[in-house]
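Below: the structure, in structure tokens.
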Amino acid sequence: MILFPAIDLKDGQCVRLKLGDMAQATVYNEDPGAQAKAFEDQGFKWLHVVDLNGAFQGESVNGHAVEAILKVTKNPVQLGGGIRTLAHIETWLSKGLARVILGTVAVRNPALVKEACKLFPGKVAVGIDAKGGKVAVEGWAEASSLEVIELAKQFEGAGVSAIIYTDIDRDGILTGINWEGTLALADAVSIPVIASGGLASIKDIQRMVQPDAKKLEGAITGRALYDGRIDPAEALRMIARAA
């Protein structure tokens with residue numbers, strides 16, 4: 001079970017959005033590299049990074065910030081946002097990313113995701129972002145008609161290393177993770193699932209270490225960590241004890 005601290009990048013800065021709205025961004029750190037190192041020093045073992053500008057524009061925008069993160073942390077880093085082609089994937093993996101997260105392209109071109117899994121085994125995750133139970137794309141700006149589980153099942157057996165499932169209706173507003181929807185997804189597919197969106201307090205950490213949630217690979221924490229609503233040492237101890 002992994003607790004992934006999140007660094008969301010907008011205009012080169014670490015921010016958190018509210019409900020996926022780029023106009024509702026709070027800046028938490030102007031130095032993404034320093035933030036990454038701080039998370040490592042706190043004991044986290046992975047890092048979840050999102051290029052928010054890239055997600056909306058369909059190409060990497062905060063590349064310099066991501067490279068700064070990779071230079072300072074020893075922790076494996078997964079990156080999503082604007083990664084839409086095999087060339088994008090290859091470029092980022094060559095820079096030292098542990099894995100890329102494919103979101104919009106997983107809806108638009110699932111065959112590309114499957115091809116990427118063959119070319120880069122263990123290095124490709126799929127990001128499924130849901131609004132009102134339907135998959136959202138283009139940086140959450142556009143809803144599709146796809147159901148979450150319907151999309152996830154398209155990648156069974158393809159070699160996807162993980163599915164990051166984000167409930168946009170909860171993201172950044174500290175109402176707690178959508179455990180019902182997340183666990184239903186984990187039950188429906190054999191691909192490891194990572195919970196994202198709304199982690200609010202130590203209660204969510206307590207929930208993620210319950211027996212029925214141990215099927216998950218972990219959960220992502222953002223605003224609750226930055227705002228001090230969860231203590232990193234306490235959360236990591238709780239997860240270690242449950243292992």
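Starting from 1 in every chain, residues are counted up; chains themselves are A, B, ... following the order of the structure tokens, and ligands are numbered from 1 as listed.
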Problem set entry | segment 214-223 of chain A surroundings by only C-alpha atoms, 6 Å radius, close-in-sequence under 4 positions cut, as a list in words |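 After dropping sequence-adjacent residues, the list is Met1, Ile2, Leu3, Phe4, Pro5, Ala6, Pro192, Val193, Ile194, Ala195, Ser196, Leu199 and Asp227 of chain A.
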Keeping C-alpha atoms for every residue in the selection just given, could you write it to a file as a CSV table (one decimal), in the first residue's frame?
```csv
chain,number,residue,atom,x,y,z
A,1,MET,CA,0.0,0.0,0.0
A,2,ILE,CA,1.5,3.3,-1.1
A,3,LEU,CA,0.6,6.8,-0.2
A,4,PHE,CA,1.5,9.0,-3.1
A,5,PRO,CA,2.0,12.8,-2.4
A,6,ALA,CA,0.9,14.8,-5.3
A,192,PRO,CA,-4.0,-2.5,-9.6
A,193,VAL,CA,-6.1,0.6,-8.7
A,194,ILE,CA,-4.9,3.9,-7.0
A,195,ALA,CA,-7.5,6.0,-5.3
A,196,SER,CA,-7.4,9.8,-6.0
A,199,LEU,CA,-8.5,12.5,0.5
A,227,ASP,CA,-2.9,22.1,4.4
```
Exercise. If you count only C-alpha atoms, which residues fall within 8 Å of Ala65 of chain A, apart from same-chain ones fewer than 2 positions away, as a PyMOL selection string?
Worked result: chain A and resi 9+12-13+32-33+62-63+67-69
For this session: Run DSSP on the backbone and grab whatever in segment 19-242 of chain A lands in helix (DSSP H, G or I); send it over as JSON, numbers by chain.
Result: {"A": [32, 33, 34, 35, 36, 37, 38, 39, 40, 41, 52, 53, 54, 55, 56, 57, 63, 64, 65, 66, 67, 68, 69, 70, 71, 72, 86, 87, 88, 89, 90, 91, 92, 93, 94, 104, 105, 106, 107, 108, 110, 111, 112, 113, 114, 115, 116, 117, 118, 119, 148, 149, 150, 151, 152, 153, 168, 169, 170, 179, 180, 181, 182, 183, 184, 185, 186, 187, 188, 202, 203, 204, 205, 206, 207, 208, 211, 212, 213, 223, 224, 225, 226, 232, 233, 234, 235, 236, 237, 238, 239, 240, 241, 242]}
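Of the residues listed (A:Ala200, A:Ile163, A:Val189, A:Ala152), A:Ala152 shows the shortest atom-to-atom separation from Val107 of chain A; distances use only C-alpha atoms.
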For this session: Could you please write out, as a ChimeraX atom specification, every residue of segment 41-207 of chain A that DSSP assigns to strand (DSSP E or B)?
Result: /A:47-51,77-80,99-102,124-131,134-137,142-147,163-167,193-196
For this session: Skip Gln42 of chain A itself and residues of its chain fewer than 3 positions away, then list as a ChimeraX atom specification all residues within 7 Å of it, counting only C-alpha atoms.
Result: /A:38-39,232
For this session: Within 12 Å of Thr166 of chain A, counting only C-alpha atoms, which residues show up once you throw out same-chain ones fewer than 5 positions away? Write them as a PyMOL selection string, please.
Result: chain A and resi 19-20+103+126-137+139-140+148+171-172+176-179+181-182+185+193-199+219-221
C-alpha atoms of the current selection, written as an mmCIF file, in the first residue's frame:
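Produced file part.cif, reproduced below:
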```cif
data_model
loop_
_atom_site.group_PDB
_atom_site.id
_atom_site.type_symbol
_atom_site.label_atom_id
_atom_site.label_comp_id
_atom_site.auth_asym_id
_atom_site.auth_seq_id
_atom_site.Cartn_x
_atom_site.Cartn_y
_atom_site.Cartn_z
ATOM 1 C CA LEU A 19 -13.008 20.517 -8.586
ATOM 2 C CA GLY A 20 -10.571 20.417 -11.497
ATOM 3 C CA GLY A 103 -5.587 9.734 -19.594
ATOM 4 C CA VAL A 126 -3.926 4.726 -17.133
ATOM 5 C CA GLY A 127 -5.591 7.716 -15.509
ATOM 6 C CA ILE A 128 -9.374 7.503 -15.362
ATOM 7 C CA ASP A 129 -10.982 10.748 -14.253
ATOM 8 C CA ALA A 130 -14.719 10.639 -13.611
ATOM 9 C CA LYS A 131 -17.333 13.346 -13.275
ATOM 10 C CA GLY A 132 -20.837 12.241 -12.420
ATOM 11 C CA GLY A 133 -19.750 8.656 -13.012
ATOM 12 C CA LYS A 134 -18.656 9.350 -16.604
ATOM 13 C CA VAL A 135 -15.068 9.507 -17.845
ATOM 14 C CA ALA A 136 -13.763 13.056 -18.396
ATOM 15 C CA VAL A 137 -10.968 14.006 -20.800
ATOM 16 C CA GLY A 139 -7.863 18.008 -18.437
ATOM 17 C CA TRP A 140 -11.351 17.264 -17.083
ATOM 18 C CA VAL A 148 -15.420 4.114 -15.643
ATOM 19 C CA ASP A 171 -11.020 16.562 -5.947
ATOM 20 C CA GLY A 172 -9.526 19.342 -3.852
ATOM 21 C CA GLY A 176 -13.083 12.092 1.508
ATOM 22 C CA ILE A 177 -12.223 9.586 -1.194
ATOM 23 C CA ASN A 178 -15.047 7.899 -3.092
ATOM 24 C CA TRP A 179 -14.264 4.528 -1.545
ATOM 25 C CA GLY A 181 -16.633 3.720 -6.501
ATOM 26 C CA THR A 182 -12.918 3.026 -6.125
ATOM 27 C CA LEU A 185 -13.519 -0.538 -9.869
ATOM 28 C CA VAL A 193 -6.092 0.637 -8.700
ATOM 29 C CA ILE A 194 -4.885 3.851 -7.031
ATOM 30 C CA ALA A 195 -7.504 6.027 -5.320
ATOM 31 C CA SER A 196 -7.432 9.759 -6.011
ATOM 32 C CA GLY A 197 -9.599 12.786 -5.334
ATOM 33 C CA GLY A 198 -10.820 14.098 -2.009
ATOM 34 C CA LEU A 199 -8.476 12.500 0.536
ATOM 35 C CA ALA A 219 -4.008 6.457 -2.665
ATOM 36 C CA ILE A 220 -2.934 9.947 -3.682
ATOM 37 C CA THR A 221 -2.934 12.851 -1.259
#
```
Report as a tab-separated table (two decimals) with C-alpha atoms, in the first residue's frame all protein, DNA and RNA residues lying within 7 Å of segment 44-59 of chain A, evaluated on only C-alpha atoms, omitting residues in the same chain fewer than 6 positions from it.
```tsv
chain	number	residue	atom	x	y	z
A	4	PHE	CA	1.50	9.05	-3.13
A	5	PRO	CA	2.04	12.75	-2.39
A	6	ALA	CA	0.89	14.84	-5.34
A	7	ILE	CA	2.62	17.71	-7.08
A	8	ASP	CA	0.27	19.39	-9.54
A	9	LEU	CA	2.12	21.79	-11.83
A	10	LYS	CA	0.60	24.98	-13.26
A	75	ASN	CA	11.98	8.39	-5.39
A	76	PRO	CA	10.24	6.92	-8.42
A	77	VAL	CA	8.01	9.48	-10.14
A	78	GLN	CA	4.83	8.91	-12.14
A	79	LEU	CA	3.71	11.72	-14.46
A	80	GLY	CA	0.43	12.51	-16.18
A	81	GLY	CA	-0.86	15.42	-18.22
A	82	GLY	CA	-0.47	16.02	-21.93
A	83	ILE	CA	1.23	12.72	-22.74
A	84	ARG	CA	-0.52	11.70	-25.94
A	138	GLU	CA	-8.90	17.00	-21.94
A	139	GLY	CA	-7.86	18.01	-18.44
```
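Distances to Asp187 of chain A were evaluated for A:Val15, A:Ile239, A:Trp92, A:Lys153 using only C-alpha atoms, and the minimum falls at A:Lys153.
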Problem set entry | Interatomic distance (Å, one decimal) between atom CA of Gly122 of chain A and atom CA of Ser161 of chain A |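 Those two atoms sit 5.3 Å apart.
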For this session: Using only C-alpha atoms, determine which residues lie at most 12 Å from Lys118 of chain A, disregarding the query and same-chain residues fewer than 3 positions distant; provide the list as number ranges by chain.
Result: A: 86, 111-115, 121-124, 157-161
For this session: Determine the nearest neighbour of Ser94 of chain A from the options A:Leu225, A:Phe120, A:Lys74, A:Lys203, counting only C-alpha atoms.
Result: A:Phe120
